[in-house]
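First comes the structure, then the notes that go with it.
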Amino acid sequence: MIQYTKKIILDPVQALGRYSQLLFKAFGAVPEFSTYRKNLWEQMIHVGIDSMPIVMLAAAFSGAVTTVQTSYQLVSPLIPKSIIGSIVVPSMVLELGAVVTGFILAGRVGARIAAELGTMRVTEQIDALEAMGLNSIGYLIVPRVIAGIVMFPVLYVAACFVGIGGGMLVGHLGGFVPMGVFVDGAREFFQPFDPIFGLIKCLVFGFIITSVSCFKGYYTRGGAEGVGKATTEAAVASCVLLLLADLILAATLL
Amino acid sequence: MISVQNLHKSFRGKAVLNGVDLEILEGETLAIIGRSGSGKSVLMKHIIGLLQPDAGKITVDGIDINAISYADLRRIRQNFGVLFQGGALFDSMSSFDNVAFPLRTFTSMTEEEIEHVVLECLGMVELPEVGAKMPSELSGGMQKRVALARAVALKPRYILYDEPTSGLDPETSNTIDDLIQNLSDQLNVTSIVVTHDMHSVLNIADKAAFVHDGRMHWAGTIDELHRSDDQILRSFVKANEYLIGK
Ligand SMILES: Nc1ncnc2c1ncn2[C@@H]1O[C@H](COP(=O)(O)OP(=O)(O)OP(=O)(O)O)[C@@H](O)[C@H]1O
Ligand SMILES: [Mg+2]
């Protein structure tokens with residue numbers, strides 16, 4: 001029992017310690033940019049471009065569903081239809097755009113990063129990089145984290161446009177709210193800080209997903225089973241931390 | 001010169017190395033022999049600082065590699081070529097790119113010059129035509145040889161080979177032995193060869209070191225190896241001689 005309690009309390013603390021240590025080393029490797037410049041491009045394509053279709057699909061549907069549900073809840077004739085636009089747009093910009101993108105990247109990019117680095121670890125490829133005199137953290141982790149921070153906002157902006165577009169289209173075609181009215185509603189309650197807040201979230205989420213997954217992958221132990229474990233843990237830990245960060249950011253910045 | 005003094009290492013309480021001493025002089029080829037699981041690969045990883053000793057000291061050219069900064073350690077590592085037991089080829093790159101990787105990373109050679117060196121190295125391991133293949137498309141022995149080509153591409157001063165001939169047919173083994181010998185003769189490379197293969201040891205090594213029970217049980221020249229009457233060493237060598245049919 002005591003053993004178990006110890007484990008529950010100490011393990012996350014130890015993990016946090018090693019995670020910060022890894023981040024510290026990664027920051028130390030940032031100046032050696034030239035050695036991993038080529039990697040950065042590759043990673044930006046993996047993180048950004050390859051994820052674009054599925055992010056847009058998910059965003060379009062969440063925008064559409066939000067529109068339908070909002071109009072379903074607002075049956076009273078006293079409430080103007082434009083309210084739908086004033087609800088859907090901020091939902092997308094403040095929360096859904098970033099969170100939907102985040103979950104998809106956690107599953108897609110996070111798992112991929114952990115599997116890739118984990119395999120490299122257990123097949124001694126990371127040792128081989130180190131043995132050559134390369135900084136493996138700089139070479140493998142820094143470009144992935146930078147790619148996450150750079151590409152997440154790009155995906156988020158696309159998600160917002162597509163999501164709002166999807167909501168507007170379904171609202172119009174489904175007869176819930178005409179497009180012009182939707183846009184009027186969106187304009188009326190538009191807060192310039194909303195997209196800024198969304199972008200701040202993106203930077204944080206992009207950092208969390210890539211750095212946590214790199215951490216899980218880089219310290220993989222124990223063969224194929226270890227790689228499997230690291231992959232799942234990377235996706236789960238990214239999602240949980242993402243939600244936590246979401247709450248903290250909302251509570252402090254809004 | 002590489003020297004290992006009183007090296008201790010255990011994993012989760014289980015001692016693997018228990019006070020190992022070792023010395024390799026410039027230009028020498030040392031064979032490290034010992035039974036499977038005796039800690040040969042662990043010893044090799046300590047020499048390039050991939051593992052940190054629990055106790056003891058490792059020096060390369062007089063520098064204690066565990067007492068210097070990471071940047072300095074990396075500079076020292078650039079003098080080494082390492083062949084890992086499993087090859088450790090980068091599986092996201094073709095064989096060509098694997099061998100070219102250290103050249104692209106650490107030299108300012110043009111692509112043309114790099115191609116020349118890569119083809120030369122692949123030729124040395126008798127795989128001139130596998131450049132375009134991915135590691136997963138190669139047999140285990142071929143992967144090992146491409147990895148060997150990668151390890152020697154930069155013509156390092158020190159080369160560590162972890163079982164360079166295991167899993168190879170006798171003829172290819174001889175080619176690899178010759179390659180190791182040539183590198184050591186022509187470029188004055190200092191080599192450490194971890195091996196089970198007594199045949200290779202006799203072919204290429206100047207000295208041998210026998211790891212047993214976590215210690216350097218025996219070390220000496222090949223001549224001395226022949227004449228040694230150490231029981232444990234004799235039985236290890238005998239078991240091998242039986243295998244190579246002497
Ligand atoms: N990273 C590690 N974690 C835990 N134990 C390890 C680790 N690396 C090696 N060991 C243990 O150390 C011992 C020696 O391993 P090592 O790989 O050095 O053997 P070896 O002499 O190279 O054997 P072989 O000839 O079969 O390659 C083994 O018992 C192994 O289980
Ligand atoms: Mg070994």
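Letters A, B, ... go to the chains of the structure tokens in the order shown; residues in each chain start at 1; ligands are counted from 1 in the same order.
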Distance cut-off 8 Å, counting only C-alpha atoms - which residues of chain A neighbour chain B? Return them as a PDB file with C-alpha atoms, in the first residue's frame.
ATOM      1  CA  THR A  35      22.811  20.552 -38.057  1.00  0.00           C
ATOM      2  CA  MET A 120      15.352   4.695 -32.805  1.00  0.00           C
ATOM      3  CA  THR A 123      17.471  -0.191 -32.139  1.00  0.00           C
ATOM      4  CA  GLU A 124      20.415   1.912 -30.895  1.00  0.00           C
ATOM      5  CA  GLN A 125      20.007   4.504 -33.654  1.00  0.00           C
ATOM      6  CA  ASP A 127      23.259   5.741 -29.621  1.00  0.00           C
ATOM      7  CA  ALA A 128      24.656   5.737 -33.147  1.00  0.00           C
ATOM      8  CA  GLU A 130      25.527  10.195 -30.197  1.00  0.00           C
ATOM      9  CA  ALA A 131      28.529   8.005 -30.979  1.00  0.00           C
ATOM     10  CA  MET A 132      29.187  10.040 -34.121  1.00  0.00           C
ATOM     11  CA  GLY A 133      29.429  13.136 -31.984  1.00  0.00           C
ATOM     12  CA  LEU A 134      26.012  14.535 -32.790  1.00  0.00           C
ATOM     13  CA  ASN A 135      23.727  16.047 -30.189  1.00  0.00           C
TER      14      ASN A 135
END
Env. residues ligand 1 / 12 Å / only C-alpha atoms and all ligand atoms / as an NGL selection string: (:A and (121-124 or 127 or 219-223)) or (:B and (8-18 or 32-46 or 50-52 or 84-86 or 161-164 or 166 or 193-197 or 210-215))
*Can you list, as a count of residues only, every protein, DNA or RNA residue that comes within 12 Å of A:Pro31 when you count only C-alpha atoms, leaving out same-chain residues fewer than 4 positions away?*
11
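Separating atom CA of A:Ala250 from atom CA of A:Arg112 is a distance of 28.7 Å.
Interatomic distance, atom CA of A:Val181 against atom CA of A:Gly85: 7.5 Å.
Put simply, atom CA of B:Gly131 is 22.2 Å away from atom CA of B:Asp177.
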Report the residues of stretch 156-187 of chain A whose backbone DSSP state falls under helix (DSSP H, G or I), written as a compact mmCIF listing (two decimals) with all heavy atoms, in the first residue's frame.
# COMPACT_ATOMS: atom_id res chain seq x y z
N TYR A 156 -4.59 25.63 -36.97
CA TYR A 156 -5.70 26.23 -36.20
C TYR A 156 -6.45 27.26 -37.05
O TYR A 156 -7.68 27.26 -37.10
CB TYR A 156 -5.13 26.88 -34.94
CG TYR A 156 -6.00 27.95 -34.32
CD1 TYR A 156 -7.11 27.61 -33.55
CD2 TYR A 156 -5.71 29.31 -34.50
CE1 TYR A 156 -7.91 28.59 -32.98
CE2 TYR A 156 -6.49 30.30 -33.93
CZ TYR A 156 -7.60 29.94 -33.17
OH TYR A 156 -8.38 30.91 -32.62
N VAL A 157 -5.70 28.10 -37.74
CA VAL A 157 -6.35 29.11 -38.57
C VAL A 157 -7.20 28.44 -39.65
O VAL A 157 -8.37 28.79 -39.87
CB VAL A 157 -5.30 30.05 -39.21
CG1 VAL A 157 -5.95 30.95 -40.26
CG2 VAL A 157 -4.63 30.89 -38.14
N ALA A 158 -6.63 27.40 -40.26
CA ALA A 158 -7.39 26.66 -41.27
C ALA A 158 -8.63 26.04 -40.65
O ALA A 158 -9.73 26.09 -41.22
CB ALA A 158 -6.50 25.58 -41.90
N ALA A 159 -8.45 25.46 -39.45
CA ALA A 159 -9.58 24.81 -38.78
C ALA A 159 -10.69 25.81 -38.49
O ALA A 159 -11.88 25.51 -38.68
CB ALA A 159 -9.11 24.15 -37.48
N CYS A 160 -10.32 27.01 -38.06
CA CYS A 160 -11.33 28.03 -37.75
C CYS A 160 -12.11 28.41 -39.00
O CYS A 160 -13.35 28.45 -38.99
CB CYS A 160 -10.68 29.27 -37.15
SG CYS A 160 -10.15 29.01 -35.46
N PHE A 161 -11.38 28.68 -40.08
CA PHE A 161 -12.06 29.07 -41.32
C PHE A 161 -13.00 27.96 -41.80
O PHE A 161 -14.17 28.21 -42.10
CB PHE A 161 -11.04 29.42 -42.41
CG PHE A 161 -10.59 30.84 -42.33
CD1 PHE A 161 -9.32 31.18 -41.87
CD2 PHE A 161 -11.46 31.87 -42.70
CE1 PHE A 161 -8.92 32.50 -41.77
CE2 PHE A 161 -11.06 33.19 -42.61
CZ PHE A 161 -9.78 33.51 -42.14
N VAL A 162 -12.48 26.76 -41.84
CA VAL A 162 -13.28 25.65 -42.34
C VAL A 162 -14.46 25.37 -41.41
O VAL A 162 -15.58 25.11 -41.84
CB VAL A 162 -12.41 24.39 -42.52
CG1 VAL A 162 -13.27 23.20 -42.88
CG2 VAL A 162 -11.37 24.63 -43.58
N GLY A 163 -14.20 25.44 -40.10
CA GLY A 163 -15.26 25.17 -39.12
C GLY A 163 -16.38 26.19 -39.23
O GLY A 163 -17.57 25.83 -39.27
N ILE A 164 -16.00 27.45 -39.28
CA ILE A 164 -17.02 28.51 -39.39
C ILE A 164 -17.74 28.38 -40.72
O ILE A 164 -18.98 28.47 -40.80
CB ILE A 164 -16.37 29.89 -39.22
CG1 ILE A 164 -15.86 30.05 -37.79
CG2 ILE A 164 -17.37 31.00 -39.57
CD1 ILE A 164 -14.92 31.22 -37.57
N GLY A 165 -16.95 28.11 -41.77
CA GLY A 165 -17.55 27.92 -43.10
C GLY A 165 -18.54 26.76 -43.09
O GLY A 165 -19.66 26.87 -43.60
N GLY A 166 -18.13 25.67 -42.45
CA GLY A 166 -19.01 24.50 -42.38
C GLY A 166 -20.28 24.81 -41.62
O GLY A 166 -21.38 24.42 -42.04
N GLY A 167 -20.14 25.55 -40.53
CA GLY A 167 -21.31 25.92 -39.74
C GLY A 167 -22.26 26.79 -40.55
O GLY A 167 -23.48 26.59 -40.57
N MET A 168 -21.66 27.75 -41.25
CA MET A 168 -22.47 28.69 -42.03
C MET A 168 -23.22 27.95 -43.13
O MET A 168 -24.42 28.17 -43.35
CB MET A 168 -21.52 29.71 -42.66
CG MET A 168 -22.04 31.12 -42.63
SD MET A 168 -20.68 32.32 -42.62
CE MET A 168 -19.80 31.94 -44.09
N LEU A 169 -22.50 27.07 -43.80
CA LEU A 169 -23.07 26.35 -44.93
C LEU A 169 -24.22 25.45 -44.48
O LEU A 169 -25.32 25.48 -45.07
CB LEU A 169 -21.96 25.51 -45.58
CG LEU A 169 -22.28 24.99 -46.97
CD1 LEU A 169 -22.27 26.15 -47.96
CD2 LEU A 169 -21.24 23.94 -47.38
N VAL A 170 -23.98 24.68 -43.42
CA VAL A 170 -25.01 23.78 -42.94
C VAL A 170 -26.20 24.58 -42.41
O VAL A 170 -27.36 24.23 -42.63
CB VAL A 170 -24.45 22.84 -41.85
CG1 VAL A 170 -25.58 22.13 -41.11
CG2 VAL A 170 -23.51 21.82 -42.48
N GLY A 171 -25.91 25.71 -41.75
CA GLY A 171 -26.99 26.57 -41.25
C GLY A 171 -27.85 27.07 -42.39
O GLY A 171 -29.09 27.09 -42.30
N HIS A 172 -27.18 27.46 -43.47
CA HIS A 172 -27.89 28.01 -44.62
C HIS A 172 -28.68 26.93 -45.35
O HIS A 172 -29.89 27.05 -45.53
CB HIS A 172 -26.88 28.64 -45.58
CG HIS A 172 -27.50 29.45 -46.67
ND1 HIS A 172 -27.99 30.72 -46.45
CD2 HIS A 172 -27.73 29.18 -47.97
CE1 HIS A 172 -28.49 31.20 -47.57
NE2 HIS A 172 -28.35 30.26 -48.52
N LEU A 173 -27.98 25.85 -45.70
CA LEU A 173 -28.62 24.80 -46.49
C LEU A 173 -29.68 24.06 -45.68
O LEU A 173 -30.72 23.64 -46.21
CB LEU A 173 -27.57 23.79 -47.00
CG LEU A 173 -26.53 24.37 -47.96
CD1 LEU A 173 -25.55 23.29 -48.38
CD2 LEU A 173 -27.21 24.98 -49.19
N MET A 179 -27.16 32.77 -44.37
CA MET A 179 -25.76 33.14 -44.25
C MET A 179 -25.54 34.58 -43.79
O MET A 179 -24.73 34.86 -42.91
CB MET A 179 -25.06 32.93 -45.58
CG MET A 179 -24.11 31.76 -45.55
SD MET A 179 -23.21 31.62 -47.09
CE MET A 179 -23.37 29.88 -47.38
N GLY A 180 -26.29 35.50 -44.37
CA GLY A 180 -26.11 36.91 -44.03
C GLY A 180 -26.38 37.16 -42.56
O GLY A 180 -25.65 37.91 -41.90
N VAL A 181 -27.41 36.53 -42.05
CA VAL A 181 -27.78 36.71 -40.64
C VAL A 181 -26.69 36.14 -39.73
O VAL A 181 -26.32 36.73 -38.71
CB VAL A 181 -29.13 36.01 -40.37
CG1 VAL A 181 -29.51 36.13 -38.89
CG2 VAL A 181 -30.22 36.60 -41.26
N PHE A 182 -26.18 34.98 -40.14
CA PHE A 182 -25.08 34.33 -39.41
C PHE A 182 -23.89 35.28 -39.29
O PHE A 182 -23.35 35.51 -38.20
CB PHE A 182 -24.69 33.04 -40.16
CG PHE A 182 -23.65 32.20 -39.47
CD1 PHE A 182 -24.02 31.06 -38.75
CD2 PHE A 182 -22.29 32.50 -39.57
CE1 PHE A 182 -23.07 30.27 -38.14
CE2 PHE A 182 -21.34 31.72 -38.95
CZ PHE A 182 -21.72 30.60 -38.24
N VAL A 183 -23.54 35.87 -40.43
CA VAL A 183 -22.38 36.77 -40.45
C VAL A 183 -22.65 38.00 -39.58
O VAL A 183 -21.78 38.44 -38.81
CB VAL A 183 -22.04 37.18 -41.89
CG1 VAL A 183 -20.95 38.25 -41.91
CG2 VAL A 183 -21.60 35.95 -42.69
N ASP A 184 -23.85 38.54 -39.66
CA ASP A 184 -24.20 39.70 -38.83
C ASP A 184 -24.00 39.38 -37.35
O ASP A 184 -23.45 40.16 -36.59
CB ASP A 184 -25.67 40.09 -39.06
CG ASP A 184 -25.83 40.80 -40.40
OD1 ASP A 184 -24.78 41.22 -40.97
OD2 ASP A 184 -26.97 40.91 -40.88
N GLY A 185 -24.51 38.23 -36.97
CA GLY A 185 -24.39 37.80 -35.57
C GLY A 185 -22.94 37.67 -35.16
O GLY A 185 -22.55 38.08 -34.05
N ALA A 186 -22.14 37.09 -36.05
CA ALA A 186 -20.72 36.90 -35.75
C ALA A 186 -20.04 38.24 -35.55
O ALA A 186 -19.27 38.45 -34.61
CB ALA A 186 -20.04 36.12 -36.87
N ARG A 187 -20.38 39.21 -36.43
CA ARG A 187 -19.75 40.54 -36.38
C ARG A 187 -20.10 41.26 -35.08
O ARG A 187 -19.24 41.86 -34.45
CB ARG A 187 -20.29 41.38 -37.54
CG ARG A 187 -19.61 41.03 -38.85
CD ARG A 187 -19.24 42.33 -39.59
NE ARG A 187 -18.55 41.99 -40.81
CZ ARG A 187 -19.12 42.07 -42.01
NH1 ARG A 187 -20.37 42.50 -42.14
NH2 ARG A 187 -18.44 41.74 -43.07
